[in-house]
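The structure file protein_8.txt is reproduced below (compact mmCIF, C-alpha atoms).
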# COMPACT_ATOMS: atom_id res chain seq x y z
CA MET A 24 -10.75 -2.04 -9.28
CA ALA A 25 -7.29 -3.56 -9.76
CA CYS A 26 -6.03 -1.76 -6.63
CA VAL A 27 -8.84 -3.35 -4.60
CA ILE A 28 -8.59 -6.88 -5.99
CA VAL A 29 -4.91 -7.46 -6.69
CA PRO A 30 -3.33 -6.87 -3.22
CA PRO A 31 -5.70 -9.27 -1.37
CA PHE A 32 -5.32 -11.82 -4.15
CA ILE A 33 -1.52 -11.70 -3.87
CA GLY A 34 -1.81 -12.14 -0.10
CA GLU A 35 -4.13 -15.13 -0.50
CA ILE A 36 -1.95 -17.03 -2.96
CA SER A 37 1.40 -16.26 -1.28
CA SER A 38 3.00 -18.33 1.45
CA GLN A 39 3.59 -16.57 4.75
CA ARG A 40 7.35 -16.61 4.09
CA VAL A 41 7.17 -14.43 0.96
CA ARG A 42 3.84 -12.66 1.52
CA GLY A 43 5.41 -9.24 2.13
CA ALA A 44 7.76 -9.35 -0.85
CA ALA A 45 4.97 -10.54 -3.13
CA GLY A 46 2.71 -7.73 -1.89
CA ALA A 47 5.43 -5.13 -2.42
CA ALA A 48 5.73 -6.33 -6.02
CA PHE A 49 2.33 -4.70 -6.64
CA GLN A 50 3.75 -1.27 -5.78
CA LEU A 51 6.85 -2.09 -7.83
CA ALA A 52 4.64 -2.60 -10.87
CA LEU A 53 2.99 0.77 -10.21
CA THR A 54 6.33 2.58 -9.98
CA ILE A 55 7.51 0.92 -13.19
CA GLY A 56 4.31 2.11 -14.85
CA ILE A 57 4.96 5.67 -13.66
CA LEU A 58 8.51 5.50 -15.02
CA VAL A 59 7.26 4.22 -18.38
CA ALA A 60 4.73 7.09 -18.49
CA GLN A 61 7.52 9.59 -17.79
CA VAL A 62 9.60 8.17 -20.62
CA VAL A 63 6.63 8.18 -23.01
CA GLY A 64 6.03 11.81 -22.04
CA LEU A 65 9.39 12.94 -23.40
CA PRO A 66 9.02 15.57 -26.15
CA PHE A 67 10.46 13.40 -28.91
CA ILE A 68 8.10 10.49 -28.08
CA ALA A 69 4.62 11.68 -27.13
CA GLY A 70 5.09 14.72 -24.91
CA THR A 71 3.83 17.23 -27.45
CA CYS A 72 0.53 18.97 -28.17
CA THR A 73 -0.13 16.62 -31.08
CA GLY A 74 1.41 13.42 -29.72
CA TRP A 75 -0.08 13.15 -26.21
CA GLY A 76 -3.05 11.13 -27.48
CA TRP A 77 -0.72 8.41 -28.76
CA GLY A 78 0.95 8.38 -25.36
CA LEU A 79 -2.37 7.62 -23.68
CA ALA A 80 -3.16 4.99 -26.32
CA ILE A 81 -0.08 2.97 -25.34
CA VAL A 82 -1.82 2.17 -22.05
CA PHE A 83 -4.24 0.00 -24.05
CA LEU A 84 -1.51 -2.54 -24.85
CA LEU A 85 -0.88 -3.73 -21.30
CA PRO A 86 -4.54 -4.52 -20.41
CA LEU A 87 -4.84 -6.28 -23.76
CA ALA A 88 -1.89 -8.54 -22.95
CA GLY A 89 -3.19 -9.02 -19.40
CA LEU A 90 -6.54 -10.21 -20.73
CA PHE A 91 -4.88 -13.31 -22.18
CA LEU A 92 -2.50 -13.79 -19.24
CA LEU A 93 -5.48 -14.00 -16.86
CA PHE A 94 -6.10 -17.55 -18.06
CA LEU A 95 -2.77 -18.58 -16.50
CA ILE A 96 -3.64 -17.23 -13.04
CA PRO A 97 -4.75 -19.86 -10.49
CA ASN A 98 -7.75 -19.48 -8.21
CA SER A 99 -7.36 -18.10 -4.71
CA PRO A 100 -7.20 -21.13 -2.38
CA THR A 101 -8.68 -19.02 0.41
CA GLN A 102 -11.71 -18.12 -1.69
CA MET A 103 -12.09 -21.69 -2.90
CA ILE A 104 -12.40 -22.90 0.70
CA ALA A 105 -14.06 -19.96 2.42
CA LYS A 106 -16.60 -18.92 -0.20
CA TYR A 107 -17.12 -21.96 -2.42
CA ASN A 108 -16.31 -24.79 0.01
CA ASP A 109 -14.20 -26.44 -2.72
CA GLU A 110 -11.22 -27.83 -0.85
CA GLU A 111 -10.27 -30.13 -3.72
CA GLN A 112 -9.76 -27.20 -6.10
CA ALA A 113 -7.96 -25.26 -3.37
CA VAL A 114 -5.51 -28.13 -2.86
CA ALA A 115 -4.89 -28.35 -6.62
CA ASP A 116 -4.19 -24.61 -6.80
CA LEU A 117 -1.91 -24.72 -3.76
CA LYS A 118 0.13 -27.55 -5.27
CA LYS A 119 0.55 -25.46 -8.41
CA LEU A 120 1.51 -22.33 -6.45
CA ARG A 121 3.88 -24.03 -3.98
CA GLY A 122 5.43 -26.51 -6.43
CA THR A 123 4.93 -29.38 -4.00
CA ASP A 124 2.29 -31.94 -3.11
CA ASP A 125 2.62 -31.28 0.62
CA VAL A 126 0.17 -28.43 1.17
CA HIS A 127 -1.58 -29.76 4.26
CA ALA A 128 -0.22 -26.95 6.46
CA ASP A 129 -1.49 -24.29 4.05
CA VAL A 130 -4.97 -25.84 3.99
CA GLU A 131 -5.06 -25.95 7.80
CA LEU A 132 -3.98 -22.30 7.98
CA ILE A 133 -6.80 -21.28 5.63
CA HIS A 134 -9.32 -23.18 7.76
CA GLN A 135 -7.93 -21.51 10.86
CA GLN A 136 -8.18 -18.03 9.35
CA THR A 137 -11.74 -18.57 8.18
CA ARG A 138 -12.74 -20.31 11.46
CA GLN A 139 -14.28 -23.05 9.38
CA THR A 140 -15.14 -26.64 9.95
CA SER A 141 -15.56 -29.13 7.15
CA GLY A 142 -18.65 -28.47 5.07
CA SER A 143 -19.16 -24.84 6.08
CA ARG A 144 -18.91 -21.65 4.06
CA THR A 145 -17.94 -18.09 4.86
CA GLU A 146 -19.98 -15.25 3.40
CA SER A 147 -18.30 -11.94 2.67
CA LEU A 148 -19.33 -9.02 4.86
CA SER A 149 -20.57 -5.75 3.44
CA ILE A 150 -18.94 -2.43 4.27
CA PRO A 151 -21.74 -1.42 6.72
CA GLN A 152 -21.40 -4.78 8.48
CA VAL A 153 -17.63 -4.34 8.84
CA ILE A 154 -18.02 -0.79 10.16
CA ALA A 155 -20.63 -1.88 12.69
CA SER A 156 -18.62 -4.85 13.99
CA PRO A 157 -16.13 -4.30 16.86
CA GLN A 158 -14.33 -7.42 15.61
CA TYR A 159 -13.03 -5.62 12.51
CA ARG A 160 -12.85 -2.04 13.80
CA TRP A 161 -9.11 -1.85 14.48
CA PRO A 162 -8.02 -3.71 11.31
CA MET A 163 -10.26 -1.37 9.31
CA LEU A 164 -9.13 1.81 11.09
CA VAL A 165 -5.39 1.10 10.81
CA THR A 166 -5.75 0.12 7.15
CA VAL A 167 -7.63 3.35 6.42
CA ILE A 168 -5.04 5.46 8.31
CA LEU A 169 -2.22 3.80 6.35
CA GLN A 170 -3.92 4.57 3.06
CA LEU A 171 -4.62 8.15 4.12
CA SER A 172 -1.01 8.46 5.25
CA GLN A 173 0.11 7.48 1.78
CA ALA A 174 -2.27 9.87 0.02
CA LEU A 175 -1.56 12.85 2.32
CA SER A 176 2.16 12.17 2.74
CA GLY A 177 2.97 14.98 0.34
CA VAL A 178 4.62 12.78 -2.26
CA ASN A 179 2.60 14.41 -5.04
CA ALA A 180 3.53 17.85 -3.70
CA VAL A 181 7.20 16.88 -3.70
CA PHE A 182 6.97 15.72 -7.31
CA PHE A 183 5.16 18.97 -8.09
CA TYR A 184 8.06 20.95 -6.64
CA SER A 185 10.76 18.76 -8.19
CA SER A 186 10.76 20.55 -11.57
CA LYS A 187 11.03 23.89 -9.82
CA MET A 188 13.89 22.62 -7.66
CA PHE A 189 15.70 21.24 -10.71
CA GLU A 190 15.40 24.63 -12.34
CA LYS A 191 16.71 26.35 -9.20
CA ALA A 192 19.62 23.88 -9.15
CA GLY A 193 20.75 25.17 -12.52
CA ILE A 194 19.56 22.28 -14.68
CA PRO A 195 18.69 23.58 -18.18
CA HIS A 196 14.97 23.68 -18.89
CA HIS A 197 15.17 21.19 -21.76
CA LEU A 198 16.85 18.64 -19.48
CA ILE A 199 14.31 18.83 -16.65
CA PRO A 200 12.10 16.05 -18.13
CA TYR A 201 15.14 13.75 -18.00
CA ALA A 202 15.77 14.78 -14.39
CA ASN A 203 12.15 13.86 -13.60
CA ILE A 204 12.77 10.47 -15.20
CA GLY A 205 15.70 10.16 -12.80
CA THR A 206 13.34 10.62 -9.84
CA GLY A 207 11.08 7.94 -11.32
CA ALA A 208 14.04 5.58 -11.67
CA ILE A 209 15.05 6.19 -8.05
CA ASN A 210 11.45 5.46 -7.04
CA VAL A 211 11.66 2.11 -8.83
CA LEU A 212 15.06 1.24 -7.34
CA ALA A 213 13.91 2.13 -3.81
CA THR A 214 10.82 -0.06 -4.25
CA ILE A 215 13.03 -2.94 -5.36
CA ILE A 216 15.02 -2.44 -2.15
CA SER A 217 11.71 -2.54 -0.25
CA VAL A 218 10.88 -5.91 -1.82
CA VAL A 219 14.13 -7.24 -0.36
CA LEU A 220 13.90 -5.53 3.03
CA ILE A 221 10.24 -6.14 3.79
CA GLU A 222 10.85 -9.76 4.80
CA LYS A 223 13.99 -8.84 6.75
CA LEU A 224 12.97 -5.73 8.70
CA GLY A 225 9.21 -6.19 8.79
CA ARG A 226 6.30 -3.91 7.86
CA ARG A 227 6.14 -1.79 11.00
CA ALA A 228 9.79 -0.64 10.89
CA LEU A 229 9.65 0.13 7.16
CA VAL A 230 6.60 2.35 7.65
CA ILE A 231 7.29 4.19 10.91
CA TYR A 232 11.00 5.02 10.72
CA PRO A 233 11.02 6.29 7.09
CA MET A 234 7.91 8.37 7.93
CA ALA A 235 9.80 9.91 10.86
CA ALA A 236 12.60 10.75 8.41
CA MET A 237 10.01 12.32 6.08
CA VAL A 238 8.96 14.66 8.91
CA ALA A 239 12.56 15.89 9.19
CA VAL A 240 12.85 16.25 5.39
CA PHE A 241 9.72 18.41 5.28
CA GLY A 242 11.20 20.68 7.94
CA VAL A 243 14.42 21.09 5.97
CA LEU A 244 12.60 21.59 2.65
CA THR A 245 10.44 24.33 4.18
CA VAL A 246 13.55 26.27 5.18
CA LEU A 247 15.35 25.65 1.87
CA VAL A 248 12.41 26.60 -0.33
CA GLN A 249 11.72 29.80 1.58
CA LEU A 250 15.37 30.84 1.51
CA ASN A 251 15.70 30.07 -2.17
CA GLU A 252 12.62 32.12 -3.08
CA SER A 253 14.60 35.26 -2.20
CA ARG A 254 18.19 34.20 -2.93
CA ASN A 255 17.69 32.08 -6.09
CA SER A 256 20.83 30.09 -5.19
CA THR A 257 22.05 27.16 -7.28
CA THR A 258 23.61 25.60 -4.18
CA LEU A 259 20.36 25.74 -2.23
CA GLY A 260 18.60 24.31 -5.27
CA LEU A 261 21.01 21.36 -5.40
CA ILE A 262 20.57 20.71 -1.66
CA SER A 263 16.78 20.84 -2.14
CA VAL A 264 17.03 18.25 -4.93
CA ILE A 265 19.05 15.96 -2.64
CA PHE A 266 16.37 16.17 0.07
CA ILE A 267 13.64 15.54 -2.51
CA LEU A 268 15.43 12.35 -3.53
CA ILE A 269 15.80 11.35 0.14
CA PHE A 270 12.06 11.87 0.59
CA ILE A 271 11.26 9.72 -2.46
CA VAL A 272 13.42 6.89 -1.09
CA CYS A 273 11.78 7.12 2.35
CA PHE A 274 8.33 6.97 0.78
CA ALA A 275 9.14 4.17 -1.65
CA VAL A 276 10.61 1.71 0.87
CA GLY A 277 7.63 1.73 3.22
CA LEU A 278 4.62 3.96 2.75
CA GLY A 279 4.51 3.14 -0.96
CA PRO A 280 3.96 -0.64 -0.89
CA ILE A 281 2.86 -1.56 2.65
CA PRO A 282 -0.61 0.11 2.83
CA PHE A 283 -1.73 -2.07 -0.09
CA LEU A 284 -0.78 -5.36 1.55
CA PHE A 285 -1.38 -4.59 5.24
CA GLY A 286 -5.17 -4.96 5.12
CA SER A 287 -5.03 -8.48 3.74
CA GLU A 288 -2.56 -9.50 6.46
CA VAL A 289 -4.70 -8.43 9.42
CA CYS A 290 -8.25 -9.08 8.16
CA ARG A 291 -10.03 -12.38 8.03
CA PRO A 292 -11.29 -13.39 4.58
CA GLU A 293 -14.92 -12.49 5.23
CA ALA A 294 -14.00 -8.81 5.90
CA ARG A 295 -10.96 -8.48 3.67
CA ASP A 296 -12.65 -7.14 0.53
CA SER A 297 -14.66 -4.51 2.40
CA VAL A 298 -11.68 -3.32 4.46
CA GLN A 299 -9.48 -3.05 1.36
CA SER A 300 -12.24 -1.14 -0.42
CA LEU A 301 -12.56 1.31 2.47
CA GLY A 302 -8.80 1.80 2.47
CA LEU A 303 -8.71 2.54 -1.25
CA VAL A 304 -11.67 4.92 -1.00
CA SER A 305 -9.86 6.87 1.72
CA ASN A 306 -6.70 6.90 -0.43
CA TYR A 307 -8.55 8.30 -3.44
CA LEU A 308 -10.41 10.85 -1.30
CA GLY A 309 -7.08 11.99 0.11
CA ASN A 310 -5.64 12.38 -3.39
CA ILE A 311 -8.74 14.27 -4.55
CA LEU A 312 -8.49 16.67 -1.60
CA LEU A 313 -4.80 17.17 -2.30
CA SER A 314 -5.45 17.86 -5.99
CA LEU A 315 -8.21 20.37 -5.17
CA PHE A 316 -6.54 22.36 -2.41
CA PHE A 317 -2.77 22.04 -2.89
CA PRO A 318 -2.46 24.57 -5.75
CA ALA A 319 -4.34 27.20 -3.71
CA LEU A 320 -2.42 26.45 -0.52
CA ASN A 321 0.86 26.51 -2.42
CA SER A 322 0.12 29.93 -3.90
CA ILE A 323 -0.83 31.30 -0.47
CA LEU A 324 1.81 29.66 1.71
CA GLY A 325 4.70 29.09 -0.68
CA GLY A 326 7.32 26.81 0.84
CA TYR A 327 5.44 26.80 4.15
CA VAL A 328 2.94 24.42 2.53
CA PHE A 329 5.33 21.60 3.49
CA LEU A 330 4.53 22.29 7.15
CA ILE A 331 1.01 20.99 6.55
CA PHE A 332 2.41 17.66 5.39
CA LEU A 333 4.89 17.67 8.27
CA VAL A 334 2.01 17.87 10.76
CA LEU A 335 -0.07 15.22 8.94
CA VAL A 336 2.80 12.73 8.67
CA LEU A 337 3.84 13.33 12.29
CA ALA A 338 0.28 12.71 13.54
CA ASN A 339 0.09 9.48 11.52
CA VAL A 340 3.49 8.32 12.82
CA ILE A 341 2.30 8.76 16.41
CA PHE A 342 -0.92 6.84 15.73
CA LEU A 343 0.83 4.00 13.90
CA TRP A 344 3.51 3.71 16.60
CA PHE A 345 0.85 2.69 19.10
CA LYS A 346 -1.70 0.91 16.90
CA MET A 347 0.12 -0.78 13.99
CA PRO A 348 1.11 -4.39 14.72
CA GLU A 349 3.99 -6.18 13.04
CA THR A 350 2.68 -8.68 10.47
CA LYS A 351 5.94 -10.21 9.25
CA ASN A 352 5.63 -14.00 9.75
CA ARG A 353 2.62 -13.34 12.01
CA SER A 354 -0.89 -14.70 11.80
CA ILE A 355 -4.17 -12.83 11.86
CA GLU A 356 -4.64 -14.10 15.41
CA ASP A 357 -1.40 -12.34 16.42
CA ALA A 358 -2.74 -9.04 15.10
CA GLU A 359 -6.03 -9.59 16.92
CA ARG A 360 -4.16 -10.21 20.17
CA PHE A 361 -2.19 -6.97 19.62
CA TRP A 362 -5.50 -5.08 19.45
CA ASN A 363 -7.02 -7.13 22.29
CA ILE A 364 -9.70 -8.43 19.96
CA GLN A 365 -11.45 -11.47 21.32
CA ALA A 366 -12.01 -13.84 18.42
CA PRO A 367 -15.44 -15.50 18.39
CA ILE A 368 -15.31 -19.26 18.81
CA SER A 369 -15.87 -21.51 15.82
CA ALA A 370 -18.71 -23.98 15.51
CA LYS A 371 -16.26 -26.82 16.23
CA GLN A 372 -15.04 -25.12 19.42
CA ALA A 373 -18.60 -24.42 20.53
CA SER A 374 -19.50 -28.10 20.17
CA LEU A 375 -16.73 -28.99 22.64
CA LEU A 376 -18.02 -26.70 25.37
CA PRO A 377 -19.94 -28.39 28.23
CA SER A 378 -23.69 -28.02 28.13
CA PRO A 379 -25.15 -25.77 30.81
CA ALA A 380 -26.54 -27.60 33.79
CA VAL A 381 -30.32 -27.92 33.92
CA THR A 382 -31.83 -27.02 37.26
CA ALA A 383 -35.26 -27.86 38.45
The structure in this file should be written as structure tokens.
Amino acid sequence: MACVIVPPFIGEISSQRVRGAAGAAFQLALTIGILVAQVVGLPFIAGTCTGWGWGLAIVFLLPLAGLFLLFLIPNSPTQMIAKYNDEEQAVADLKKLRGTDDVHADVELIHQQTRQTSGSRTESLSIPQVIASPQYRWPMLVTVILQLSQALSGVNAVFFYSSKMFEKAGIPHHLIPYANIGTGAINVLATIISVVLIEKLGRRALVIYPMAAMVAVFGVLTVLVQLNESRNSTTLGLISVIFILIFIVCFAVGLGPIPFLFGSEVCRPEARDSVQSLGLVSNYLGNILLSLFFPALNSILGGYVFLIFLVLVLANVIFLWFKMPETKNRSIEDAERFWNIQAPISAKQASLLPSPAVTA
């Protein structure tokens, strides 16, 4: 539920200037959580047969603290205007969020995105309505492909192989958990870099070019893993570890954070919740499929299993190259023009059109 609600909420309360960095902070929080879990899983903390339950119990503390912090969170100005028609509350929240009384431009932008006139409301669309509407087809499809790209990128397979590669590299078995923590720390650091770069390089470049690099990494890892199965070389193991770390960086700077924020940047408020939900469902389905079939495929194919991810990532790169618009400092209308979507006219625009001539 948090993965569905939080990214759109961040997009709705953020100014266009920092929208990408604020959205990437969501993924940064996830990577920090993973790192904390890796640390808690160390043998002398909770990574034992008797202590694992206490490790899971620690998770309770953060939601408990968050329950009280929720009272400090402002309303979404977009929802206040679009769904509740409460512009006064929206203005008050915007002043609090922006730290200034001059929020007229933000209010106008919200009205523009919701195609509203004064006194109207926008009802949220259901998932079947979004699927059936040509207006939201491309935003929905690209959001779903991005989420599937993240789930089927092979990042979980790489983490699965990391312990084996550390062992092949000559790292003592009792130090491998600390090496895994090192991969988690690199994941966090790369995501911090993404927070900085996302407003400089844009979303499209940070997704497509690192994914292209991931294709090359999978090719190299396939060769290295297969060679090392027969040679058991420490040198090949070390080289494999280096490429695993390169892969983690490539994933973390783009495909990690951007799928969560992209949907809210290209969808109008009435379709945003449904499109984000569809994206998350596809992400979870991808992860479920990976969890079910990867162990079997790995046992059958060995190192060649990386070729499956190579093909999947390559196919997604080709699709996104042609169909993913840049959203840095761009409006929803810019994305709709990229997809050649003709936006329906608002009630105010319709009232300005000339009446059809009446003939006898």
Among the residues A:Leu320, A:Ala45, A:Ile28, A:Ile269, the one that comes closest to A:Ile221 [using only C-alpha atoms]: A:Ala45
Taking only residues of stretch 51-141 of chain A that have an atom at most 9 Å from an atom of stretch 205-212 of chain A, what is each one's shortest atom pair and its distance in Å to one decimal, using all atoms listed in the file, in chain and number order, as JSON lines?
{"residue": "A:Leu51", "atom": "CA", "partner": "A:Val211", "partner_atom": "CA", "distance": 6.5}
{"residue": "A:Ala52", "atom": "CA", "partner": "A:Val211", "partner_atom": "CA", "distance": 8.7}
{"residue": "A:Leu53", "atom": "CA", "partner": "A:Val211", "partner_atom": "CA", "distance": 8.9}
{"residue": "A:Thr54", "atom": "CA", "partner": "A:Val211", "partner_atom": "CA", "distance": 5.5}
{"residue": "A:Ile55", "atom": "CA", "partner": "A:Val211", "partner_atom": "CA", "distance": 6.1}
{"residue": "A:Ile57", "atom": "CA", "partner": "A:Gly207", "partner_atom": "CA", "distance": 6.9}
{"residue": "A:Leu58", "atom": "CA", "partner": "A:Gly207", "partner_atom": "CA", "distance": 5.1}
{"residue": "A:Val59", "atom": "CA", "partner": "A:Gly207", "partner_atom": "CA", "distance": 8.8}
{"residue": "A:Gln61", "atom": "CA", "partner": "A:Gly207", "partner_atom": "CA", "distance": 7.6}
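For the choices A:Met237, A:Ile265, A:Met103, A:Leu315, the atom-to-atom distance to A:Leu330 is smallest for A:Met237 when using all atoms listed in the file.
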Looking at all atoms listed in the file, which of A:Met188, A:Ala319, A:Leu333, A:Ile231 is the one that sits closest to A:Phe266?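 The shortest atom-to-atom distance to A:Phe266 comes from A:Met188.
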Using only C-alpha atoms, find the one residue out of A:Val130, A:Val230, A:Leu335, A:Val29 that sits nearest to A:Ile104.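 Closest to A:Ile104 of all the choices is A:Val130.
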Pairwise distance, atom CA of A:Glu293 with atom CA of A:Gly277, equals 26.7 Å
Computed gap from atom CA of A:Ala105 to atom CA of A:Ala358 is 20.2 Å
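Taking atom CA of A:Phe241 as the reference point, atom CA of A:Phe329 is found at 5.7 Å.
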If we count all atoms listed in the file and set the cut-off at 10 Å, which residues sit around A:Gly279, ignoring sequence neighbours fewer than 4 positions away in its own chain? Please answer as an NGL selection string. :A and (47 or 49-51 or 53-54 or 169-170 or 172-174 or 178 or 210 or 213-214 or 217 or 230 or 271-275 or 283)
Dump of C-alpha atoms for the selected residues, as a compact mmCIF listing (two decimals), keeping the file's coordinate frame:
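Final file, part-v6.txt:
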# COMPACT_ATOMS: atom_id res chain seq x y z
CA ALA A 47 5.43 -5.13 -2.42
CA PHE A 49 2.33 -4.70 -6.64
CA GLN A 50 3.75 -1.27 -5.78
CA LEU A 51 6.85 -2.09 -7.83
CA LEU A 53 2.99 0.77 -10.21
CA THR A 54 6.33 2.58 -9.98
CA LEU A 169 -2.22 3.80 6.35
CA GLN A 170 -3.92 4.57 3.06
CA SER A 172 -1.01 8.46 5.25
CA GLN A 173 0.11 7.48 1.78
CA ALA A 174 -2.27 9.87 0.02
CA VAL A 178 4.62 12.78 -2.26
CA ASN A 210 11.45 5.46 -7.04
CA ALA A 213 13.91 2.13 -3.81
CA THR A 214 10.82 -0.06 -4.25
CA SER A 217 11.71 -2.54 -0.25
CA VAL A 230 6.60 2.35 7.65
CA ILE A 271 11.26 9.72 -2.46
CA VAL A 272 13.42 6.89 -1.09
CA CYS A 273 11.78 7.12 2.35
CA PHE A 274 8.33 6.97 0.78
CA ALA A 275 9.14 4.17 -1.65
CA PHE A 283 -1.73 -2.07 -0.09
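Look at A:Ala202: the protein and nucleic acid residues within 9 Å of it, using only C-alpha atoms and passing over chain neighbours fewer than 5 places away, are Ser185, Ser186, Phe189, Ile194 and Gly207 of chain A.
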Tell me which of A:Ser147, A:Ser305, A:Gln39, A:Asn98 sits closest to A:Pro282, counting only C-alpha atoms. A:Ser305
For A:Leu244, the nearest of the candidates A:Phe94, A:Phe342, A:Phe361, A:Tyr184, counting only C-alpha atoms: A:Tyr184
Find the spatial neighbours of A:Val298, counting only C-alpha atoms, within a cut-off of 8 Å - ignore same-chain residues fewer than 5 positions away - and output them as a list in words. Ile150, Val153, Pro162, Met163, Thr166, Gly286 and Cys290 of chain A
Now that the selection is made, can you save its residues with C-alpha atoms as a PDB file, in the coordinates of the input?
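Output file out08.pdb follows:
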ATOM      1  CA  ILE A 150     -18.940  -2.430   4.270  1.00  0.00           C
ATOM      2  CA  VAL A 153     -17.630  -4.340   8.840  1.00  0.00           C
ATOM      3  CA  PRO A 162      -8.020  -3.710  11.310  1.00  0.00           C
ATOM      4  CA  MET A 163     -10.260  -1.370   9.310  1.00  0.00           C
ATOM      5  CA  THR A 166      -5.750   0.120   7.150  1.00  0.00           C
ATOM      6  CA  GLY A 286      -5.170  -4.960   5.120  1.00  0.00           C
ATOM      7  CA  CYS A 290      -8.250  -9.080   8.160  1.00  0.00           C
TER       8      CYS A 290
END
Around (13.8, 18.6, 1.8) in the file's frame, which residues reach within 9 Å when counting all atoms listed in the file? Return as a count of residues only? 21
Give me the residues within 7 Å of A:Met347 as a list of chain:residue names, counting all atoms listed in the file and dropping any in the same chain fewer than 2 places off. A:Val165, A:Arg227, A:Leu343, A:Trp344, A:Phe345, A:Glu349
What are the centre and edge lengths in Å, to one decimal, of the axis-aligned box around all listed atoms of stretch 327-339 of chain A with 4 Å added on each side, as JSON?
{"center_x": 2.7, "center_y": 18.1, "center_z": 8.0, "size_x": 13.5, "size_y": 25.3, "size_z": 19.0}
